[in-house]
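File shown: coords.json. Contents: JSON, C-alpha atoms.
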[["chain", "number", "residue", "atom", "x", "y", "z"],
["Y", 4, "MET", "CA", 98.95, 194.32, 121.10],
["Y", 5, "PHE", "CA", 100.80, 196.48, 118.62],
["Y", 6, "TYR", "CA", 98.04, 195.96, 116.08],
["Y", 7, "SER", "CA", 95.60, 198.00, 118.15],
["Y", 8, "GLN", "CA", 97.73, 201.07, 117.39],
["Y", 9, "PRO", "CA", 98.18, 203.06, 114.16],
["Y", 10, "PRO", "CA", 101.12, 202.10, 111.93],
["Y", 11, "SER", "CA", 104.35, 203.45, 113.34],
["Y", 12, "TRP", "CA", 106.92, 202.52, 110.73],
["Y", 13, "TYR", "CA", 107.32, 202.70, 106.99],
["Y", 14, "PRO", "CA", 110.27, 201.67, 104.80],
["Y", 15, "ASP", "CA", 109.87, 204.91, 102.81],
["Y", 16, "ALA", "CA", 107.23, 207.46, 101.88],
["Y", 17, "THR", "CA", 106.06, 205.53, 98.82],
["Y", 18, "SER", "CA", 105.39, 202.37, 100.84],
["Y", 19, "LYS", "CA", 102.97, 204.03, 103.28],
["Y", 20, "SER", "CA", 99.75, 202.96, 101.57],
["Y", 21, "ARG", "CA", 101.05, 199.42, 100.98],
["Y", 22, "VAL", "CA", 102.13, 198.94, 104.60],
["Y", 23, "ASP", "CA", 98.89, 200.53, 105.85],
["Y", 24, "ALA", "CA", 96.84, 198.11, 103.74],
["Y", 25, "ALA", "CA", 98.83, 195.09, 104.90],
["Y", 26, "ARG", "CA", 98.60, 196.04, 108.56],
["Y", 27, "GLY", "CA", 94.90, 196.76, 108.20],
["Y", 28, "ALA", "CA", 94.27, 193.34, 106.64],
["Y", 29, "VAL", "CA", 96.12, 191.59, 109.47],
["Y", 30, "ARG", "CA", 94.38, 193.66, 112.12],
["Y", 31, "ASP", "CA", 90.92, 193.04, 110.65],
["Y", 32, "ALA", "CA", 91.51, 189.29, 110.28],
["Y", 33, "LEU", "CA", 92.73, 188.93, 113.85],
["Y", 34, "GLY", "CA", 89.76, 190.98, 115.06],
["Y", 35, "GLY", "CA", 87.45, 188.65, 113.17],
["Y", 36, "LEU", "CA", 88.98, 185.66, 114.94],
["Y", 37, "ARG", "CA", 88.47, 187.28, 118.34],
["Y", 38, "ASN", "CA", 84.84, 188.04, 117.46],
["Y", 39, "LEU", "CA", 84.26, 184.46, 116.32],
["Y", 40, "GLU", "CA", 85.72, 183.11, 119.54],
["Y", 41, "GLN", "CA", 83.33, 185.30, 121.53],
["Y", 42, "LEU", "CA", 80.34, 184.34, 119.39],
["Y", 43, "SER", "CA", 81.06, 180.64, 119.70],
["Y", 44, "SER", "CA", 81.24, 180.95, 123.50],
["Y", 45, "SER", "CA", 77.92, 182.81, 123.81],
["Y", 46, "MET", "CA", 74.79, 180.73, 124.26],
["Y", 47, "ARG", "CA", 72.78, 183.74, 123.09],
["Y", 48, "VAL", "CA", 74.11, 183.16, 119.57],
["Y", 49, "GLY", "CA", 72.19, 180.39, 117.85],
["Y", 50, "PRO", "CA", 73.74, 177.72, 115.62],
["Y", 51, "ARG", "CA", 72.44, 179.29, 112.41],
["Y", 52, "SER", "CA", 73.77, 182.75, 113.29],
["Y", 53, "LEU", "CA", 77.16, 181.30, 114.20],
["Y", 54, "SER", "CA", 77.35, 179.30, 110.99],
["Y", 55, "SER", "CA", 76.52, 182.40, 108.93],
["Y", 56, "VAL", "CA", 79.74, 184.20, 109.92],
["Y", 57, "LEU", "CA", 82.11, 181.31, 109.18],
["Y", 58, "PRO", "CA", 82.49, 181.97, 105.42],
["Y", 59, "ASP", "CA", 83.50, 185.60, 106.02],
["Y", 60, "VAL", "CA", 86.09, 184.60, 108.62],
["Y", 61, "ARG", "CA", 87.47, 181.95, 106.27],
["Y", 62, "ALA", "CA", 87.66, 184.50, 103.47],
["Y", 63, "SER", "CA", 89.74, 186.79, 105.69],
["Y", 64, "CYS", "CA", 92.49, 184.13, 105.88],
["Y", 65, "VAL", "CA", 93.73, 185.06, 102.40],
["Y", 66, "PRO", "CA", 94.33, 188.77, 103.20],
["Y", 67, "LEU", "CA", 95.77, 187.69, 106.56],
["Y", 68, "ARG", "CA", 98.38, 185.55, 104.82],
["Y", 69, "GLU", "CA", 99.06, 188.18, 102.16],
["Y", 70, "GLY", "CA", 99.28, 190.96, 104.76],
["Y", 71, "LEU", "CA", 101.84, 189.13, 106.88],
["Y", 72, "GLU", "CA", 103.87, 188.31, 103.77],
["Y", 73, "GLU", "CA", 103.77, 191.92, 102.63],
["Y", 74, "LEU", "CA", 105.01, 193.17, 106.01],
["Y", 75, "MET", "CA", 107.76, 190.57, 106.20],
["Y", 76, "THR", "CA", 108.86, 191.40, 102.67],
["Y", 77, "ALA", "CA", 109.05, 195.10, 103.54],
["Y", 78, "VAL", "CA", 111.27, 194.39, 106.57],
["Y", 79, "ALA", "CA", 113.49, 191.92, 104.70],
["Y", 80, "ALA", "CA", 114.00, 194.28, 101.76],
["Y", 81, "HIS", "CA", 115.54, 196.86, 104.09],
["Y", 82, "ARG", "CA", 117.84, 194.59, 106.12],
["Y", 83, "MET", "CA", 119.14, 191.28, 104.85],
["Y", 84, "ASP", "CA", 120.02, 190.17, 108.40],
["Y", 85, "THR", "CA", 116.32, 189.96, 109.28],
["Y", 86, "HIS", "CA", 115.77, 186.94, 107.01],
["Y", 87, "LEU", "CA", 116.39, 184.25, 109.63],
["Y", 88, "ALA", "CA", 113.97, 185.77, 112.12],
["Y", 89, "LEU", "CA", 111.36, 186.39, 109.43],
["Y", 90, "ASN", "CA", 111.68, 182.85, 108.10],
["Y", 91, "SER", "CA", 111.14, 181.55, 111.64],
["Y", 92, "LEU", "CA", 107.98, 183.65, 111.89],
["Y", 93, "ARG", "CA", 106.85, 182.47, 108.46],
["Y", 94, "GLU", "CA", 107.41, 178.81, 109.36],
["Y", 95, "TYR", "CA", 105.39, 179.35, 112.52],
["Y", 96, "SER", "CA", 102.48, 181.40, 111.18],
["Y", 97, "MET", "CA", 101.74, 179.99, 107.71],
["Y", 98, "PRO", "CA", 100.91, 176.42, 108.83],
["Y", 99, "ARG", "CA", 98.59, 177.93, 111.43],
["Y", 100, "ILE", "CA", 96.74, 179.85, 108.74],
["Y", 101, "ASP", "CA", 96.41, 176.56, 106.83],
["Y", 102, "GLU", "CA", 95.07, 174.92, 109.99],
["Y", 103, "LEU", "CA", 92.66, 177.81, 110.47],
["Y", 104, "ILE", "CA", 91.26, 177.45, 106.96],
["Y", 105, "ASP", "CA", 90.86, 173.70, 107.43],
["Y", 106, "VAL", "CA", 89.03, 174.14, 110.76],
["Y", 107, "LEU", "CA", 86.68, 176.75, 109.31],
["Y", 108, "GLU", "CA", 85.91, 174.63, 106.23],
["Y", 109, "ARG", "CA", 85.08, 171.63, 108.41],
["Y", 110, "SER", "CA", 82.96, 173.77, 110.71],
["Y", 111, "GLU", "CA", 80.94, 175.09, 107.77],
["Y", 112, "ARG", "CA", 79.92, 171.48, 107.03],
["Y", 113, "GLN", "CA", 78.97, 170.69, 110.63],
["Y", 114, "PRO", "CA", 75.93, 171.69, 112.71],
["Y", 115, "MET", "CA", 77.01, 174.23, 115.33],
["Y", 116, "GLN", "CA", 75.73, 172.28, 118.29],
["Y", 117, "ALA", "CA", 77.40, 172.24, 121.73],
["Y", 118, "ARG", "CA", 80.30, 169.87, 121.02],
["Y", 119, "ASN", "CA", 81.21, 171.35, 117.66],
["Y", 120, "ARG", "CA", 81.01, 174.95, 118.79],
["Y", 121, "LEU", "CA", 83.08, 174.20, 121.90],
["Y", 122, "ASN", "CA", 85.78, 172.69, 119.71],
["Y", 123, "LEU", "CA", 85.57, 175.67, 117.35],
["Y", 124, "GLN", "CA", 85.89, 178.10, 120.25],
["Y", 125, "HIS", "CA", 88.98, 176.31, 121.58],
["Y", 126, "VAL", "CA", 90.80, 176.04, 118.24],
["Y", 127, "ILE", "CA", 89.93, 179.55, 117.04],
["Y", 128, "GLY", "CA", 91.04, 181.02, 120.37],
["Y", 129, "ARG", "CA", 94.39, 179.21, 120.24],
["Y", 130, "LEU", "CA", 95.11, 180.04, 116.60],
["Y", 131, "GLY", "CA", 94.04, 183.66, 117.05],
["Y", 132, "ARG", "CA", 96.44, 184.12, 119.97],
["Y", 133, "GLU", "CA", 99.31, 182.38, 118.20],
["Y", 134, "LEU", "CA", 98.87, 184.37, 115.00],
["Y", 135, "GLY", "CA", 98.49, 187.58, 117.00],
["Y", 136, "ILE", "CA", 101.83, 186.96, 118.71],
["Y", 137, "ALA", "CA", 103.51, 186.28, 115.37],
["Y", 138, "ALA", "CA", 102.04, 189.51, 113.96],
["Y", 139, "GLU", "CA", 103.33, 191.46, 116.97],
["Y", 140, "LEU", "CA", 106.84, 190.11, 116.38],
["Y", 141, "VAL", "CA", 106.74, 191.12, 112.71],
["Y", 142, "ASP", "CA", 105.74, 194.61, 113.82],
["Y", 143, "PHE", "CA", 108.48, 194.58, 116.46],
["Y", 144, "LEU", "CA", 111.08, 193.90, 113.76],
["Y", 145, "GLY", "CA", 109.61, 196.71, 111.65],
["Y", 146, "LEU", "CA", 109.90, 199.11, 114.58],
["Y", 147, "SER", "CA", 113.48, 198.02, 115.20],
["Y", 148, "VAL", "CA", 114.47, 198.58, 111.58],
["Y", 149, "TRP", "CA", 112.70, 201.87, 110.81],
["Y", 150, "SER", "CA", 111.53, 203.85, 113.82],
["Y", 151, "GLU", "CA", 113.50, 207.04, 114.34],
["Y", 152, "PRO", "CA", 116.12, 207.32, 117.12],
["Y", 153, "MET", "CA", 116.02, 210.15, 119.63],
["Y", 154, "ALA", "CA", 117.75, 211.23, 122.82],
["Y", 155, "VAL", "CA", 116.20, 209.46, 125.82],
["Y", 156, "THR", "CA", 117.35, 208.24, 129.22],
["Y", 157, "MET", "CA", 117.53, 204.56, 130.02],
["Y", 158, "GLN", "CA", 115.60, 205.24, 133.21],
["Y", 159, "ASP", "CA", 112.66, 206.67, 131.25],
["Y", 160, "LEU", "CA", 112.60, 203.59, 129.03],
["Y", 161, "LEU", "CA", 112.55, 201.25, 132.02],
["Y", 162, "LEU", "CA", 109.80, 203.23, 133.73],
["Y", 163, "GLU", "CA", 107.71, 203.16, 130.56],
["Y", 164, "ALA", "CA", 108.27, 199.45, 129.92],
["Y", 165, "PHE", "CA", 107.44, 198.34, 133.46],
["Y", 166, "ARG", "CA", 104.52, 200.20, 135.02],
["Y", 167, "SER", "CA", 104.11, 201.18, 138.66],
["Y", 168, "SER", "CA", 100.36, 200.49, 138.53],
["Y", 169, "GLU", "CA", 98.76, 197.28, 137.38],
["Y", 170, "PRO", "CA", 98.19, 197.39, 133.60],
["Y", 171, "THR", "CA", 94.68, 196.94, 132.31],
["Y", 172, "GLY", "CA", 93.89, 193.51, 130.94],
["Y", 173, "ASP", "CA", 93.29, 190.00, 132.13],
["Y", 174, "PRO", "CA", 94.59, 189.90, 135.73],
["Y", 175, "THR", "CA", 95.74, 186.32, 135.19],
["Y", 176, "ASP", "CA", 98.31, 187.70, 132.71],
["Y", 177, "LEU", "CA", 99.83, 190.18, 135.20],
["Y", 178, "ARG", "CA", 103.45, 189.52, 136.12],
["Y", 179, "ARG", "CA", 105.46, 191.31, 138.79],
["Y", 180, "VAL", "CA", 109.02, 192.52, 138.28],
["Y", 181, "VAL", "CA", 111.37, 194.43, 140.57],
["Y", 182, "LEU", "CA", 113.15, 197.53, 139.34],
["Y", 183, "ALA", "CA", 116.37, 198.28, 141.22],
["Y", 184, "PRO", "CA", 117.14, 201.93, 142.10],
["Y", 185, "SER", "CA", 119.11, 203.71, 139.36],
["Y", 186, "VAL", "CA", 122.56, 204.98, 140.24],
["Y", 187, "ASP", "CA", 122.88, 207.59, 137.49],
["Y", 188, "GLU", "CA", 121.25, 209.05, 134.39],
["Y", 189, "ALA", "CA", 122.25, 207.17, 131.24],
["Y", 190, "GLU", "CA", 121.29, 209.09, 128.08],
["Y", 191, "LEU", "CA", 120.96, 207.10, 124.87],
["Y", 192, "HIS", "CA", 120.36, 207.90, 121.22],
["Y", 193, "THR", "CA", 117.97, 205.12, 120.28],
["Y", 194, "SER", "CA", 114.40, 204.32, 119.29],
["Y", 195, "PRO", "CA", 112.18, 204.14, 122.38],
["Y", 196, "ARG", "CA", 109.33, 202.65, 120.33],
["Y", 197, "ALA", "CA", 111.53, 199.62, 119.64],
["Y", 198, "VAL", "CA", 113.61, 199.43, 122.82],
["Y", 199, "ILE", "CA", 110.58, 199.39, 125.13],
["Y", 200, "PRO", "CA", 109.05, 196.25, 123.51],
["Y", 201, "LEU", "CA", 112.56, 194.72, 123.42],
["Y", 202, "LEU", "CA", 112.87, 195.09, 127.20],
["Y", 203, "VAL", "CA", 109.35, 193.76, 127.74],
["Y", 204, "LEU", "CA", 109.96, 190.78, 125.45],
["Y", 205, "LEU", "CA", 113.18, 189.90, 127.29],
["Y", 206, "VAL", "CA", 111.22, 189.69, 130.55],
["Y", 207, "ARG", "CA", 108.46, 187.64, 128.91],
["Y", 208, "VAL", "CA", 111.00, 185.17, 127.54],
["Y", 209, "MET", "CA", 112.50, 184.81, 131.03],
["Y", 210, "LEU", "CA", 109.08, 184.32, 132.62],
["Y", 211, "ASP", "CA", 108.20, 181.70, 130.02],
["Y", 212, "ARG", "CA", 111.23, 179.63, 131.11],
["Y", 213, "HIS", "CA", 110.99, 180.55, 134.81],
["Y", 214, "PRO", "CA", 107.27, 181.14, 135.44],
["Y", 215, "GLY", "CA", 107.61, 181.33, 139.22],
["Y", 216, "SER", "CA", 110.34, 183.97, 139.21],
["Y", 217, "ILE", "CA", 110.09, 187.71, 139.85],
["Y", 218, "PRO", "CA", 112.60, 189.20, 137.40],
["Y", 219, "HIS", "CA", 114.99, 191.74, 138.89],
["Y", 220, "ILE", "CA", 115.93, 194.59, 136.53],
["Y", 221, "LEU", "CA", 119.10, 196.55, 137.21],
["Y", 222, "LEU", "CA", 120.62, 199.46, 135.30],
["Y", 223, "THR", "CA", 124.40, 199.27, 135.59],
["Y", 224, "PRO", "CA", 126.59, 202.40, 135.85],
["Y", 225, "GLU", "CA", 128.24, 203.69, 132.69],
["Y", 226, "VAL", "CA", 131.64, 202.11, 132.00],
["Y", 227, "ALA", "CA", 133.65, 203.16, 128.94],
["Y", 228, "GLY", "CA", 130.57, 204.69, 127.34],
["Y", 229, "VAL", "CA", 128.37, 201.63, 127.84],
["Y", 230, "SER", "CA", 125.41, 201.18, 130.19],
["Y", 231, "GLY", "CA", 123.69, 197.84, 130.61],
["Y", 232, "VAL", "CA", 120.31, 196.54, 131.69],
["Y", 233, "VAL", "CA", 120.70, 193.30, 133.65],
["Y", 234, "ILE", "CA", 117.61, 191.11, 134.08],
["Y", 235, "SER", "CA", 117.91, 188.25, 136.56],
["Y", 236, "ALA", "CA", 115.49, 185.49, 137.51],
["Y", 237, "ALA", "CA", 117.20, 185.27, 140.92],
["Y", 238, "GLY", "CA", 115.23, 188.28, 142.18],
["Y", 239, "GLY", "CA", 116.46, 191.16, 144.31],
["Y", 240, "GLU", "CA", 115.44, 194.34, 146.08],
["Y", 241, "GLY", "CA", 113.82, 197.34, 144.50],
["Y", 242, "GLU", "CA", 110.50, 198.83, 143.45],
["Y", 243, "PRO", "CA", 107.70, 196.41, 142.50],
["Y", 244, "ARG", "CA", 106.38, 197.05, 139.00],
["Y", 245, "TRP", "CA", 104.23, 195.22, 136.49],
["Y", 246, "VAL", "CA", 104.23, 193.79, 133.00],
["Y", 247, "MET", "CA", 101.59, 191.90, 131.04],
["Y", 248, "GLY", "CA", 102.61, 188.32, 130.39],
["Y", 249, "ARG", "CA", 102.29, 186.77, 126.94],
["Y", 250, "PRO", "CA", 102.93, 183.28, 125.57],
["Y", 251, "ILE", "CA", 106.31, 182.91, 123.88],
["Y", 252, "ILE", "CA", 106.72, 181.31, 120.47],
["Y", 253, "PRO", "CA", 109.96, 179.71, 119.18],
["Y", 254, "ALA", "CA", 110.80, 182.68, 116.94],
["Y", 255, "ALA", "CA", 110.92, 185.14, 119.85],
["Y", 256, "LYS", "CA", 114.60, 184.67, 120.69],
["Y", 257, "GLU", "CA", 115.67, 185.02, 117.06],
["Y", 258, "CYS", "CA", 113.60, 188.20, 116.80],
["Y", 259, "LEU", "CA", 115.24, 189.60, 119.93],
["Y", 260, "TYR", "CA", 118.76, 189.04, 118.62],
["Y", 261, "THR", "CA", 117.83, 190.44, 115.20],
["Y", 262, "ALA", "CA", 116.21, 193.55, 116.68],
["Y", 263, "ALA", "CA", 119.20, 194.08, 118.96],
["Y", 264, "VAL", "CA", 121.57, 194.15, 115.98],
["Y", 265, "ALA", "CA", 119.33, 196.66, 114.18],
["Y", 266, "LEU", "CA", 119.27, 198.86, 117.31],
["Y", 267, "ASP", "CA", 123.02, 198.57, 118.01],
["Y", 268, "VAL", "CA", 122.33, 196.79, 121.28],
["Y", 269, "ARG", "CA", 124.67, 194.09, 122.56],
["Y", 270, "LEU", "CA", 122.40, 191.34, 123.81],
["Y", 271, "LYS", "CA", 123.52, 188.34, 125.88],
["Y", 272, "MET", "CA", 121.19, 185.64, 127.22],
["Y", 273, "SER", "CA", 122.29, 182.70, 129.34],
["Y", 274, "ASP", "CA", 121.50, 179.19, 128.09],
["Y", 275, "SER", "CA", 119.01, 178.73, 130.92],
["Y", 276, "LEU", "CA", 117.51, 182.20, 130.30],
["Y", 277, "ASP", "CA", 117.91, 183.12, 133.95],
["Y", 278, "ARG", "CA", 120.15, 186.09, 133.19],
["Y", 279, "MET", "CA", 119.99, 188.58, 130.32],
["Y", 280, "VAL", "CA", 122.13, 191.63, 129.62],
["Y", 281, "ALA", "CA", 121.36, 194.37, 127.07],
["Y", 282, "GLU", "CA", 124.20, 196.88, 126.63],
["Y", 283, "PHE", "CA", 123.60, 200.33, 125.14],
["Y", 284, "GLY", "CA", 126.01, 202.98, 123.94],
["Y", 285, "VAL", "CA", 125.68, 206.11, 126.09],
["Y", 286, "VAL", "CA", 125.56, 209.50, 124.41],
["Y", 287, "SER", "CA", 128.81, 211.42, 124.86],
["Y", 288, "GLY", "CA", 129.85, 214.82, 123.59],
["Y", 289, "ASN", "CA", 130.59, 213.22, 120.22],
["Y", 290, "GLY", "CA", 127.39, 211.18, 120.03],
["Y", 291, "PRO", "CA", 126.54, 207.55, 120.81],
["Y", 292, "VAL", "CA", 129.51, 205.41, 121.82],
["Y", 293, "LEU", "CA", 128.42, 201.83, 121.12]]

Is it possible to give me this structure as structure tokens?
Amino acid sequence: MFYSQPPSWYPDATSKSRVDAARGAVRDALGGLRNLEQLSSSMRVGPRSLSSVLPDVRASCVPLREGLEELMTAVAAHRMDTHLALNSLREYSMPRIDELIDVLERSERQPMQARNRLNLQHVIGRLGRELGIAAELVDFLGLSVWSEPMAVTMQDLLLEAFRSSEPTGDPTDLRRVVLAPSVDEAELHTSPRAVIPLLVLLVRVMLDRHPGSIPHILLTPEVAGVSGVVISAAGGEGEPRWVMGRPIIPAAKECLYTAAVALDVRLKMSDSLDRMVAEFGVVSGNGPVL
């Protein structure tokens, strides 16, 4: 998750401490939810010990809400066209924080015996994952808006996004993709820190709709200063590579389109999400074309 890494974007120098504090509050709150899920699943942790941590986790819901709002406000203040995506994330995440508070308050009034702690484990795990995904998408929009562009080849971005060795993590989340051989070197002037998660998220959205597919990723030759990445659920030949799967929330598509606009990427997705094309301007002698 992005929140395991140090902050990588700031609206301006004066906002650094504010963004740091907001990201830290979100990171700490999500970490507390993961810890509570683990504690509730461990029979070594007694009912009294489990009950003792619930008030602190509930208290962290306020800075979690405020931190997400602060980050969304920072992104929206810089680009007005991020409002739709951010509102979608807000409508998704804020009711889940309300649900989280309600669950924790009820749990504080209940004995943490087997049935109650099993229910707590299930709900906390679900809400923690859903809120973590929403937080990642907020960070993704921040990266798209502020991270600095640099000269990089499209091939390097694809190789970084989709690994040749199996990524570390839960093996049940591993998903295979196929990377077609590249025909030429396409040099871009873009932000790799934002484009790499954009490419990964495109594949995750496709896999969410077509879970049995093995996405085929093809870099098209440059035509009129434009090079495209074509992702197809139909499969194809090439080098097997890997990506970690993630659940997809309704705001993901809106975030993809919004990030693409901020990155000057032309993004097209079929209605059935079985074909996606991201077109990039290739660097010429006079600079980026697109």

message = Using all atoms listed in the file, which protein or nucleic acid residues come within 10 Å of Arg212 of chain Y? Drop anything in the same chain fewer than 3 positions from it, and give the result as a list in words.
response =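 Answer for this query is Arg207, Val208, Met209, Gly215, Ser216, Ala236, Ile251, Ser275, Leu276 and Asp277 of chain Y.
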
key: Distance criterion (all atoms listed in the file): nearest to Thr85 of chain Y out of Y:Ser45, Y:Gln116, Y:Ser110, Y:Thr261   =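 Ranked by minimum distance to Thr85 of chain Y, first place goes to Y:Thr261.
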
Spatial neighbours of segment 149-155 of chain Y, max dist 6 Å, only C-alpha atoms, sep filter under 4 positions, as a list in words =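 Answer for this query is Trp12, Glu190, Leu191, His192, Thr193 and Ser194 of chain Y.
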
Residues near Glu188 of chain Y, anyone? I mean within 9 Å using only C-alpha atoms, not counting same-chain ones fewer than 5 positions away, as a CSV table (one decimal) with C-alpha atoms, keeping the file's coordinate frame.
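Produced file part23.csv, reproduced below:
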chain,number,residue,atom,x,y,z
Y,156,THR,CA,117.4,208.2,129.2
Y,157,MET,CA,117.5,204.6,130.0
Y,158,GLN,CA,115.6,205.2,133.2
Y,224,PRO,CA,126.6,202.4,135.8
Y,225,GLU,CA,128.2,203.7,132.7

task = Excluding Arg178 of chain Y and residues on its chain fewer than 4 positions from it, collect all residues at most 7 Å away from it, counting only C-alpha atoms, and give them as a PyMOL selection string.
result = chain Y and resi 245-248

query = In Å, with one decimal, what is the gap from atom CA of Glu240 of chain Y to atom CA of His219 of chain Y?
reply =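 It comes out at 7.7 Å.
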
inquiry  = I want to know what sits within 10 Å of segment 26-37 of chain Y, based on only C-alpha atoms, with residues of the same chain fewer than 2 positions away left out; could you give that as a ChimeraX atom specification?
reply    = /Y:5-10,20-24,39-42,56-57,59-71,73-74,103,124,127-132,134-135,138,142

query = Between Y:Ile100, Y:Leu270, Y:Leu221, Y:Val78, which is the closest to Leu144 of chain Y once you count only C-alpha atoms?
reply = Y:Val78

task = One decimal, Å: what's the distance from atom CA of Val126 of chain Y over to atom CA of Leu92 of chain Y, could you say?
result = 19.8 Å

Nearest residue to Ala197 of chain Y from the set Y:Pro58, Y:Gly145, Y:Pro253, Y:Gly284 (distances using all atoms listed in the file) =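 Looking at the shortest contact to Ala197 of chain Y, the residue is Y:Gly145.
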